[in-house]
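Data block for upload_16.txt (compact mmCIF, C-alpha atoms and all ligand atoms):
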```txt
# COMPACT_ATOMS: atom_id res chain seq x y z
CA MET T 9 0.00 0.00 0.00
CA GLU T 10 2.71 2.47 -0.84
CA GLU T 11 1.83 3.49 -4.31
CA HIS T 12 0.02 6.73 -4.77
CA HIS T 13 -2.49 5.02 -7.01
CA CYS T 14 -3.47 2.46 -4.37
CA GLN T 15 -4.10 5.28 -1.88
CA HIS T 16 -6.28 7.09 -4.35
CA LEU T 17 -8.26 3.96 -5.05
CA LEU T 18 -8.82 3.25 -1.38
CA GLY T 19 -10.90 6.38 -0.89
CA GLU T 20 -13.26 5.34 -3.69
CA LEU T 21 -13.74 1.72 -2.67
CA SER T 22 -17.02 2.14 -0.79
CA ALA T 23 -18.65 3.72 -3.82
CA TYR T 24 -17.16 0.93 -5.94
CA VAL T 25 -18.36 -2.01 -3.82
CA GLU T 26 -21.83 -0.44 -3.58
CA GLY T 27 -21.96 -0.05 -7.34
CA GLU T 28 -22.27 3.72 -6.96
CA ALA T 29 -19.03 4.67 -8.68
CA SER T 30 -19.23 6.32 -12.11
CA GLU T 31 -18.46 4.24 -15.16
CA ALA T 32 -15.18 6.07 -15.70
CA LEU T 33 -14.13 5.43 -12.11
CA CYS T 34 -15.15 1.76 -12.30
CA ALA T 35 -13.04 1.33 -15.42
CA GLU T 36 -10.10 3.02 -13.72
CA ILE T 37 -10.46 0.81 -10.64
CA ARG T 38 -10.82 -2.38 -12.68
CA GLU T 39 -7.72 -1.52 -14.64
CA HIS T 40 -5.77 -0.91 -11.46
CA LEU T 41 -7.05 -4.11 -9.84
CA ALA T 42 -5.95 -6.18 -12.83
CA GLY T 43 -2.36 -5.20 -12.15
CA CYS T 44 -2.33 -4.85 -8.36
CA GLU T 45 -2.60 -7.94 -6.22
CA ASN T 46 -2.71 -5.99 -2.95
CA CYS T 47 -5.69 -3.89 -3.94
CA ARG T 48 -7.43 -6.98 -5.30
CA ALA T 49 -7.04 -8.62 -1.90
CA VAL T 50 -8.46 -5.53 -0.18
CA VAL T 51 -11.50 -5.37 -2.49
CA ASP T 52 -12.20 -9.11 -2.20
CA THR T 53 -11.94 -9.17 1.57
CA LEU T 54 -13.88 -5.92 1.91
CA ASN T 55 -16.74 -7.44 -0.08
CA LYS T 56 -16.54 -10.57 2.05
CA THR T 57 -16.58 -8.50 5.25
CA ILE T 58 -19.72 -6.68 4.13
CA GLN T 59 -21.38 -9.96 3.18
CA LEU T 60 -20.51 -11.45 6.59
CA TYR T 61 -21.96 -8.71 8.74
CA HIS T 62 -25.12 -8.60 6.66
CA THR T 63 -25.80 -12.22 7.56
CA LEU T 64 -25.46 -11.72 11.33
CA PRO T 65 -28.58 -12.86 13.19
CA GLN T 66 -30.84 -10.04 14.39
CA PRO T 67 -31.23 -10.31 18.16
CA ASP T 68 -34.59 -9.32 19.62
CA LEU T 69 -35.83 -8.10 22.98
CA SER T 70 -36.56 -11.14 25.18
CA ASP T 71 -40.11 -11.73 26.46
CA GLY T 72 -38.94 -10.87 29.96
CA ALA T 73 -37.38 -7.61 28.83
CA ARG T 74 -40.54 -6.72 26.92
CA GLN T 75 -42.66 -7.32 30.02
CA ARG T 76 -40.36 -5.17 32.15
CA LEU T 77 -40.52 -2.42 29.52
CA TYR T 78 -44.33 -2.42 29.56
CA ARG T 79 -44.29 -2.32 33.36
CA THR T 80 -41.83 0.60 33.43
CA LEU T 81 -44.04 2.51 31.01
CA ASN T 82 -47.25 1.70 32.94
CA LEU T 83 -48.61 -0.19 29.98
CA GLU T 84 -49.05 -3.63 31.58
CA ALA T 85 -52.76 -3.67 30.84
CA LEU T 86 -51.92 -3.55 27.13
CA LEU T 87 -49.34 -6.35 27.17
CA LYS T 88 -50.32 -8.90 24.55
CA PRO T 89 -48.76 -12.35 24.56
CA MET M 15 -53.53 6.86 4.72
CA SER M 16 -50.00 7.87 3.76
CA GLU M 17 -47.05 7.05 5.98
CA VAL M 18 -46.71 10.70 6.97
CA GLU M 19 -50.38 10.95 7.91
CA THR M 20 -50.21 7.73 9.93
CA GLU M 21 -47.21 9.06 11.81
CA ARG M 22 -48.83 12.45 12.33
CA GLU M 23 -51.85 10.75 13.86
CA MET M 24 -49.59 8.58 16.01
CA ILE M 25 -47.78 11.63 17.38
CA GLU M 26 -51.08 13.38 18.15
CA ARG M 27 -52.27 10.33 20.07
CA LEU M 28 -48.95 10.08 21.94
CA ARG M 29 -49.22 13.75 22.86
CA ALA M 30 -52.70 13.17 24.18
CA GLY M 31 -51.30 10.41 26.41
CA ASP M 32 -53.13 7.62 24.58
CA LYS M 33 -51.82 4.39 26.10
CA SER M 34 -52.64 2.16 23.16
CA ALA M 35 -50.62 4.52 20.96
CA CYS M 36 -47.71 4.14 23.39
CA ALA M 37 -47.99 0.35 23.18
CA GLN M 38 -48.16 0.53 19.38
CA CYS M 39 -45.04 2.70 19.30
CA VAL M 40 -43.23 0.23 21.57
CA GLU M 41 -44.24 -2.71 19.37
CA GLN M 42 -43.00 -0.92 16.27
CA HIS M 43 -39.69 0.36 17.54
CA ALA M 44 -38.54 -1.47 20.68
CA SER M 45 -36.73 -4.26 18.80
CA GLY M 46 -34.79 -1.82 16.64
CA VAL M 47 -33.88 0.35 19.61
CA TYR M 48 -32.76 -2.76 21.51
CA ARG M 49 -30.53 -4.02 18.67
CA LEU M 50 -29.00 -0.59 18.28
CA ALA M 51 -28.21 -0.39 22.00
CA LEU M 52 -26.93 -3.97 22.10
CA ARG M 53 -24.56 -3.43 19.17
CA MET M 54 -23.36 -0.17 20.68
CA LEU M 55 -22.83 -1.54 24.20
CA GLY M 56 -22.34 -5.28 23.75
CA ASP M 57 -24.29 -6.03 26.92
CA GLU M 58 -27.88 -7.32 27.04
CA ALA M 59 -28.77 -5.89 30.46
CA GLU M 60 -27.42 -2.46 29.59
CA ALA M 61 -29.17 -2.53 26.25
CA GLU M 62 -32.44 -3.29 28.05
CA ASP M 63 -31.85 -0.28 30.33
CA VAL M 64 -31.30 1.93 27.31
CA VAL M 65 -34.59 0.74 25.77
CA GLN M 66 -36.45 1.67 28.94
CA GLU M 67 -34.74 5.05 29.20
CA THR M 68 -35.42 5.78 25.55
CA PHE M 69 -39.17 5.22 25.68
CA LEU M 70 -39.53 6.89 29.07
CA SER M 71 -37.85 10.06 27.87
CA ALA M 72 -39.47 9.93 24.44
CA PHE M 73 -43.01 9.78 25.85
CA LYS M 74 -42.15 12.46 28.39
CA ALA M 75 -40.66 14.77 25.76
CA ILE M 76 -43.13 14.02 22.97
CA ASP M 77 -44.26 17.68 22.94
CA SER M 78 -40.79 18.71 21.85
CA PHE M 79 -40.78 16.24 18.95
CA GLU M 80 -39.93 18.13 15.76
CA TRP M 81 -41.37 17.20 12.41
CA ARG M 82 -38.15 17.54 10.47
CA SER M 83 -37.21 14.02 11.55
CA GLY M 84 -39.37 10.91 11.64
CA LEU M 85 -40.43 9.25 14.89
CA LYS M 86 -38.02 6.36 14.37
CA THR M 87 -35.08 8.69 13.72
CA TRP M 88 -36.01 10.66 16.82
CA LEU M 89 -36.17 7.50 19.00
CA TYR M 90 -32.86 6.24 17.60
CA ARG M 91 -31.32 9.60 18.36
CA ILE M 92 -32.39 9.40 22.01
CA ALA M 93 -31.17 5.79 22.22
CA THR M 94 -27.82 6.52 20.55
CA ASN M 95 -27.17 9.41 22.93
CA ALA M 96 -28.07 7.24 25.92
CA ALA M 97 -25.72 4.49 24.70
CA LEU M 98 -22.88 6.93 24.01
CA MET M 99 -23.27 8.44 27.46
CA ARG M 100 -22.91 5.00 29.03
CA LEU M 101 -19.83 4.27 26.94
CA ARG M 102 -18.23 7.50 28.06
CA ARG M 103 -18.97 6.76 31.69
CA LYS M 104 -17.25 3.40 31.28
CA THR M 105 -14.21 4.61 29.38
CA PRO M 106 -13.83 8.35 29.90
CA LEU M 107 -10.52 8.26 28.03
CA ALA M 108 -11.99 6.66 24.92
CA VAL M 109 -11.72 9.96 23.08
CA SER M 110 -7.95 9.97 23.25
CA VAL M 111 -7.58 6.57 21.57
CA GLU M 112 -9.82 7.47 18.66
CA LEU M 113 -8.58 7.54 15.12
CA PRO M 114 -7.88 11.00 13.75
CA GLU M 115 -11.25 12.41 12.75
CA GLU M 116 -12.55 14.67 10.02
CA ASP M 117 -9.09 14.99 8.54
CA GLY M 118 -9.79 12.88 5.48
CA ALA M 119 -7.19 10.33 6.61
CA GLU M 120 -8.04 6.81 5.51
CA THR M 121 -7.53 3.63 7.41
CA VAL M 122 -4.64 2.28 5.40
CA PRO M 123 -4.84 -1.50 4.97
CA THR M 124 -1.86 -3.47 6.25
CA GLN M 125 -3.44 -6.93 6.05
CA LEU M 126 -3.11 -7.95 2.44
CA PHE M 127 -3.76 -11.66 2.42
CA ASP M 128 -6.82 -12.51 0.33
CA TRP M 129 -8.93 -14.71 2.59
CA CYS M 130 -12.18 -14.18 0.71
CA CYS M 131 -12.16 -17.63 -0.84
CA LEU M 132 -11.82 -19.76 2.26
CA PRO M 133 -14.34 -22.64 2.33
CA GLU M 134 -17.83 -21.30 3.20
CA ASN M 135 -17.84 -23.52 6.31
CA ASP M 136 -15.07 -21.39 7.79
CA PHE M 137 -17.32 -18.34 7.70
CA ALA M 138 -20.30 -20.11 9.22
CA THR M 139 -18.71 -21.26 12.49
CA SER M 140 -19.75 -19.80 15.82
CA GLU M 141 -16.11 -18.83 16.31
CA ALA M 142 -16.25 -16.67 13.17
CA LYS M 143 -19.50 -15.11 14.35
CA THR M 144 -18.01 -14.36 17.78
CA GLU M 145 -14.99 -12.80 16.09
CA LEU M 146 -17.21 -10.57 13.95
CA GLU M 147 -19.33 -9.47 16.91
CA ALA M 148 -16.21 -8.67 18.92
CA ALA M 149 -14.85 -6.66 15.99
CA ILE M 150 -18.05 -4.60 15.83
CA ARG M 151 -17.88 -3.98 19.58
CA GLU M 152 -14.30 -2.76 19.21
CA LEU M 153 -15.03 -0.33 16.39
CA PRO M 154 -14.07 3.20 17.44
CA GLU M 155 -17.18 4.79 18.94
CA LYS M 156 -17.89 7.36 16.24
CA LEU M 157 -17.53 4.81 13.49
CA ARG M 158 -19.62 2.29 15.40
CA ALA M 159 -22.71 4.51 15.71
CA VAL M 160 -22.76 5.17 11.96
CA PHE M 161 -22.02 1.54 11.16
CA VAL M 162 -24.79 0.13 13.38
CA LEU M 163 -27.46 2.57 12.20
CA ARG M 164 -26.60 2.42 8.52
CA GLU M 165 -25.50 -1.18 8.01
CA LEU M 166 -27.18 -3.21 10.73
CA GLU M 167 -30.41 -1.25 11.23
CA GLY M 168 -30.69 -0.28 7.57
CA LEU M 169 -31.31 3.45 8.04
CA SER M 170 -30.72 5.58 4.97
CA GLY M 171 -27.73 7.90 4.80
CA GLU M 172 -30.03 10.84 5.46
CA GLU M 173 -31.74 9.19 8.45
CA THR M 174 -28.37 8.26 9.91
CA ALA M 175 -27.14 11.82 9.46
CA GLN M 176 -30.25 13.18 11.21
CA THR M 177 -29.98 10.67 14.03
CA LEU M 178 -26.39 11.63 14.77
CA GLY M 179 -26.60 15.31 13.87
CA VAL M 180 -23.83 15.08 11.28
CA SER M 181 -23.71 15.64 7.51
CA ILE M 182 -24.49 12.94 4.95
CA GLU M 183 -20.94 13.30 3.64
CA ASN M 184 -19.67 12.58 7.15
CA VAL M 185 -21.86 9.46 7.35
CA LYS M 186 -20.36 8.20 4.08
CA THR M 187 -16.81 8.83 5.24
CA ARG M 188 -17.31 7.15 8.61
CA LEU M 189 -19.08 4.17 7.06
CA HIS M 190 -16.22 3.69 4.63
CA ARG M 191 -13.69 3.82 7.43
CA ALA M 192 -15.75 1.47 9.57
CA ARG M 193 -15.82 -1.10 6.77
CA LEU M 194 -12.07 -0.84 6.22
CA TRP M 195 -11.49 -1.06 9.95
CA LEU M 196 -13.59 -4.22 10.24
CA ARG M 197 -11.90 -5.75 7.19
CA GLU M 198 -8.52 -5.14 8.76
CA ARG M 199 -9.63 -6.52 12.11
CA LEU M 200 -11.18 -9.68 10.61
CA SER M 201 -8.17 -10.23 8.36
CA GLY M 202 -6.07 -11.18 11.38
CA TYR M 203 -8.39 -14.02 12.26
CA PHE M 204 -9.12 -15.33 8.77
CA THR M 205 -5.52 -15.09 7.58
CA GLU M 206 -4.40 -17.22 10.49
CA LEU M 207 -7.17 -19.69 9.74
CA ALA M 208 -6.09 -19.93 6.10
CA ARG M 209 -2.46 -20.47 7.15
CA SER M 210 -3.47 -23.22 9.55
CA HIS M 211 -5.28 -25.00 6.70
CA GLU M 212 -2.11 -24.83 4.62
CA GLU M 213 -0.02 -26.30 7.40
CA GLY M 214 -2.64 -28.85 8.45
ZN ZN A 301 -3.12 -1.04 -5.76
```

So, in terms of structure tokens, how does the structure I just supplied come out?
Amino acid sequence: MEEHHCQHLLGELSAYVEGEASEALCAEIREHLAGCENCRAVVDTLNKTIQLYHTLPQPDLSDGARQRLYRTLNLEALLKP
Amino acid sequence: MSEVETEREMIERLRAGDKSACAQCVEQHASGVYRLALRMLGDEAEAEDVVQETFLSAFKAIDSFEWRSGLKTWLYRIATNAALMRLRRKTPLAVSVELPEEDGAETVPTQLFDWCCLPENDFATSEAKTELEAAIRELPEKLRAVFVLRELEGLSGEETAQTLGVSIENVKTRLHRARLWLRERLSGYFTELARSHEEG
């Protein structure tokens, strides 16, 4: 990651992985990636990282916590199972 | 009824102290507020406290609700502030270990091994999941709030900006840095895993 070009590319990567980069920029990035193993590794693993955190399970409030919340808010009478 | 009208009616009912409106608001938003607090704090009991605080202060301050943000954004803003306050109480020096901010500096990658093509099984283990959750918990505070709202709770860039009181440009920059930071942090674990396969 010493080359000036790699640095420049790094700032644009989020737009690139989200498909928001302009066509000209995409072409420039693709050309750079073809010749730069380091940047290829960064793009690949960045994509993988994004994919991984999007598949994390979504925790939810437990039934007990929900009951306590209703009690705190004086809403017990409205607590549905 | 349009979404805006539904929300307008909801706010009017909340202002009038309508209990069924309060319950409806809790049903709609409590899970999201809880996940936000849990990802920010990494502790279930503390996250539950934040949920209670959030709805208590929201219902109390409903008269000061301003229409420029939606109800959800407003609740998330209260919850984020409550979570950040707890974090600061726990680690008052956290500010000094933050990455340089607003200076345009990027998180320069140092981990350059390409672990993206490890067998899928390696990504599905509970160890990998634990590693990812720990990484999110360790994200620098300012990056974490943006990351959780935008990427885990799916708020738009504009909603995230409103929730945190920062510009949309700032949200983009922080999100980019959060992703690079997580990539770097996960690279340590997955690179070692790949090496151990090679040796094994
Ligand atoms: Zn490069």

(message) What residues of the protein or nucleic acid chains come within 12 Å of ligand ZN 301 (chain A) when you use all atoms listed in the file? Reply as an MDAnalysis selection string.
(response) (chainID T and resid 9:19 21 36:51) or (chainID M and resid 122:123 126)

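Residue-level contacts from chain T to chain M at 6 Å, counting all atoms listed in the file, read Ser22, Asn46, Ala49, Asp52, Thr53, Leu54, Lys56, Thr57, Asp68, Leu69 and Leu77 of chain T.
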
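Note that atom CA of M:Arg82 and atom CA of M:Leu98 are 23.0 Å apart.
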
(message) If we count all atoms listed in the file and set the cut-off at 10 Å, which residues sit around M:Ile25, ignoring sequence neighbours fewer than 6 positions away in its own chain? Please answer as a ChimeraX atom specification.
(response) /M:19,31-32,35-36,39,73,76-77,79,81,85

(message) If we count only C-alpha atoms and set the cut-off at 7 Å, which residues sit around stretch 88-90 of chain M, ignoring sequence neighbours fewer than 2 positions away in its own chain? Please answer as a list of chain:residue names.
(response) M:Val47, M:Thr68, M:Ala72, M:Ser83, M:Gly84, M:Leu85, M:Lys86, M:Ile92, M:Ala93, M:Thr94, M:Thr177

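What separates atom CA of T:Tyr78 from atom CA of M:Arg164 is a distance of 27.9 Å.
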
(request) Figure out the distance between atom CA of M:Glu172 and atom CA of M:Lys74, please, to one decimal in Å. (result)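 Distance reported for this atom pair: 26.0 Å.
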
(request) Identify which of the residues M:Glu173, M:Gln42, M:Glu26, M:Ser71 lies closest to T:Thr80, counting only C-alpha atoms when measuring atom-to-atom distances. (result) M:Ser71
